[in-house]
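Participant: Have a look at the structure that comes next, please.
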Amino acid sequence: ARAGHKVTIIDGWPENVEKIKKDGIHVEPPSCDSPFTQRENVRVLHIHDTQCLKDGAEFDIGFVAVKAFDTKWATALIDRYVKPSSEGGFIVSAQNGCPDWELASIAGADRVVGLVMSFFSVGAWAPGHVERAGDKTMRMKGYTTFRPGELVPGLGLTERVTSLAEMLDVIDQ
């Protein structure tokens with residue numbers, strides 16, 4: 001959102017949704033950067049609010065960022081609202097582990113872009129507030145944190161993978 005992308009957060013934590021709606025989302029980056037509150041380009045919804053979304057037309061990219069035991073239902077939920085693959089829509093897991101094939105079992109391998117997020121620690125301890133650990137970003141240490149790639153063998157470096165890498169790169173500058 002800070003880089004100009006429109007972001008919709010669908011969350012099951014009611015207090016978090018209401019706090020972000022009221023005040024924006026407060027971000028504590030690694031200690032080398034200044035904290036900020038993001039209000040622009042952020043829309044936040046309760047899970048039950050998804051009934052008002054348009055099937056196949058709401059999102060270009062759906063990020064699944066839940067605990068592992070919620071992966072399948074969250075993938076099925078977001079898949080419904082992401083544009084069709086023929087229109088450039090796809091789904092990405094932003095979770096611990098490598099649940100990419102679990103997403104693919106729900107949405108299809110051609111619809112999922114894999115993502116490795118390494119040395120990336122984020123906590124949400126209070127409504128409307130997220131913290132990143134560390135005194136420096138991994139980029140400052142010469143490391144690329146976000147590494148997307150196609151699940152389907154032989155596709156190589158696709159436009160959607162390149163675009164996703166560029167979009168996520170600003171997070172760890």
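The chains in the structure tokens are called A, B, ... from first to last as shown; in each chain the residues are counted from 1, and the ligands are counted from 1 in the order shown.
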So that I can check the surroundings of Arg2 of chain A, please list as a PDB file with N, CA and C atoms, in the first residue's frame every protein, DNA and RNA residue that reaches within 10 Å of it, counting only C-alpha atoms and ignoring chain neighbours fewer than 4 positions away.

Facilitator:
```pdb
ATOM      1  N   LYS A   6      -3.100  -0.923  -4.276  1.00  0.00           N
ATOM      2  CA  LYS A   6      -4.319  -1.006  -3.475  1.00  0.00           C
ATOM      3  C   LYS A   6      -4.351  -2.379  -2.803  1.00  0.00           C
ATOM      4  N   VAL A   7      -4.466  -2.364  -1.492  1.00  0.00           N
ATOM      5  CA  VAL A   7      -4.408  -3.588  -0.702  1.00  0.00           C
ATOM      6  C   VAL A   7      -5.723  -3.772   0.038  1.00  0.00           C
ATOM      7  N   PHE A  36       5.654   3.935  10.790  1.00  0.00           N
ATOM      8  CA  PHE A  36       4.685   4.716  10.032  1.00  0.00           C
ATOM      9  C   PHE A  36       3.304   4.096  10.179  1.00  0.00           C
ATOM     10  N   THR A  37       2.295   4.888   9.877  1.00  0.00           N
ATOM     11  CA  THR A  37       0.916   4.410   9.857  1.00  0.00           C
ATOM     12  C   THR A  37       0.394   4.562   8.436  1.00  0.00           C
ATOM     13  N   GLN A  38      -0.083   3.462   7.876  1.00  0.00           N
ATOM     14  CA  GLN A  38      -0.579   3.442   6.509  1.00  0.00           C
ATOM     15  C   GLN A  38      -2.098   3.527   6.514  1.00  0.00           C
ATOM     16  N   ARG A  39      -2.626   4.581   5.901  1.00  0.00           N
ATOM     17  CA  ARG A  39      -4.075   4.756   5.808  1.00  0.00           C
ATOM     18  C   ARG A  39      -4.561   4.691   4.356  1.00  0.00           C
ATOM     19  N   GLU A  40      -3.745   5.193   3.437  1.00  0.00           N
ATOM     20  CA  GLU A  40      -4.127   5.233   2.028  1.00  0.00           C
ATOM     21  C   GLU A  40      -3.934   3.851   1.406  1.00  0.00           C
ATOM     22  N   ASN A  41      -4.775   3.557   0.425  1.00  0.00           N
ATOM     23  CA  ASN A  41      -4.693   2.326  -0.357  1.00  0.00           C
ATOM     24  C   ASN A  41      -4.924   1.062   0.462  1.00  0.00           C
ATOM     25  N   VAL A  42      -5.530   1.179   1.641  1.00  0.00           N
ATOM     26  CA  VAL A  42      -5.809   0.010   2.476  1.00  0.00           C
ATOM     27  C   VAL A  42      -7.305  -0.097   2.719  1.00  0.00           C
ATOM     28  N   VAL A 170      10.087  -3.744  -2.551  1.00  0.00           N
ATOM     29  CA  VAL A 170      10.063  -2.482  -1.796  1.00  0.00           C
ATOM     30  C   VAL A 170       9.870  -2.701  -0.294  1.00  0.00           C
ATOM     31  N   ILE A 171       9.373  -3.874   0.086  1.00  0.00           N
ATOM     32  CA  ILE A 171       9.141  -4.167   1.498  1.00  0.00           C
ATOM     33  C   ILE A 171      10.458  -4.276   2.257  1.00  0.00           C
TER      34      ILE A 171
END
```

Participant: Within 10 Å of segment 121-124 of chain A, counting only C-alpha atoms, which residues qualify if same-chain residues fewer than 4 places away don't, as a list in words?

Facilitator: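 Returned residues: Asn16, Val27, Glu28, Pro29, Pro30, Asn96, Met117, Gly128, His129, Val130, Glu131, Arg132, Ala133 and Gly134 of chain A.
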
Participant: Any idea what's packed within 9 Å of segment 87-90 of chain A, counting only C-alpha atoms, ignoring anything in its chain fewer than 6 positions away? Could you give it as a list of chain:residue names?

Facilitator: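 Final neighbour list, sorted by chain and number: A:Gly56, A:Phe59, A:Asp60, A:Ile61, A:Gly62, A:Phe63, A:Asp79, A:Asp110, A:Arg111, A:Val112, A:Val113, A:Arg160.
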
Participant: With C-alpha atoms kept, could you save the residues just selected as an mmCIF file, in the first residue's frame?

Facilitator:
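Saved the output as selection_11.cif:
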```cif
data_model
loop_
_atom_site.group_PDB
_atom_site.id
_atom_site.type_symbol
_atom_site.label_atom_id
_atom_site.label_comp_id
_atom_site.auth_asym_id
_atom_site.auth_seq_id
_atom_site.Cartn_x
_atom_site.Cartn_y
_atom_site.Cartn_z
ATOM 1 C CA GLY A 56 -13.580 -13.303 -10.200
ATOM 2 C CA PHE A 59 -8.259 -8.843 -7.063
ATOM 3 C CA ASP A 60 -5.323 -9.288 -9.412
ATOM 4 C CA ILE A 61 -3.364 -11.219 -6.774
ATOM 5 C CA GLY A 62 -4.628 -13.078 -3.726
ATOM 6 C CA PHE A 63 -2.141 -13.532 -0.891
ATOM 7 C CA ASP A 79 -9.632 -18.009 -5.188
ATOM 8 C CA ASP A 110 -1.118 -22.849 -13.002
ATOM 9 C CA ARG A 111 -2.939 -20.366 -10.749
ATOM 10 C CA VAL A 112 -0.373 -20.378 -7.900
ATOM 11 C CA VAL A 113 2.984 -18.612 -7.763
ATOM 12 C CA ARG A 160 3.922 -12.426 -13.275
#
```

Participant: Could you pull the residues within 8 Å of Val66 of chain A, counting only C-alpha atoms, minus those fewer than 6 positions along the same chain, as a count of residues only?

Facilitator: 3

Participant: What gap, in Å, lies between atom CA of Ser105 of chain A and atom CA of Pro148 of chain A?

Facilitator: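 So the two atoms, atom CA of Ser105 of chain A and atom CA of Pro148 of chain A, lie 18.4 Å apart.
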
Participant: Could you state the separation of atom CA of Leu103 of chain A and atom CA of Ala3 of chain A in Å, given to one decimal place?

Facilitator: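 So the two atoms, atom CA of Leu103 of chain A and atom CA of Ala3 of chain A, lie 26.8 Å apart.
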
Participant: Name the residues of segment 57-88 of chain A that fall into alpha helix (DSSP H) according to DSSP on the backbone, using the chain letters and numbers of this document, as a PyMOL selection string.

Facilitator: chain A and resi 71-79

Participant: Between atom CA of Ser86 of chain A and atom CA of Ala107 of chain A, what is the spacing in Å?

Facilitator: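 So the answer is 13.8 Å.
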
Participant: Go through A:Ile91, A:Ala57, A:Ala126, A:Ile106 and flag the residue nearest Trp13 of chain A, using only C-alpha atoms for the distances.

Facilitator: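 Answer, going by the shortest atom-to-atom distance: A:Ala126.
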
Participant: Run DSSP on the backbone and give me the residues of segment 44-164 of chain A it puts in strand (DSSP E), as an MDAnalysis selection string.

Facilitator: chainID A and resid 44:46 61:64 90:93 112:117 122:126 129:132 146:150

Participant: With distances taken over only C-alpha atoms, which residue among A:Lys136, A:Lys67, A:Lys83, A:Arg147 lies nearest Asp169 of chain A?

Facilitator: A:Arg147

Participant: Hey, what's within 10 Å of Gly114 of chain A if we count only C-alpha atoms and toss same-chain stuff fewer than 4 positions away? As JSON, numbers by chain, please?

Facilitator: {"A": [91, 92, 93, 94, 98, 99, 100, 101, 103, 104, 109, 147, 148, 149, 150, 151, 152, 161]}

Participant: Could you tell me which of A:Ile9, A:Leu115, A:Thr137, A:Gly97 comes closest to Ser31 of chain A if we count only C-alpha atoms?

Facilitator: A:Thr137
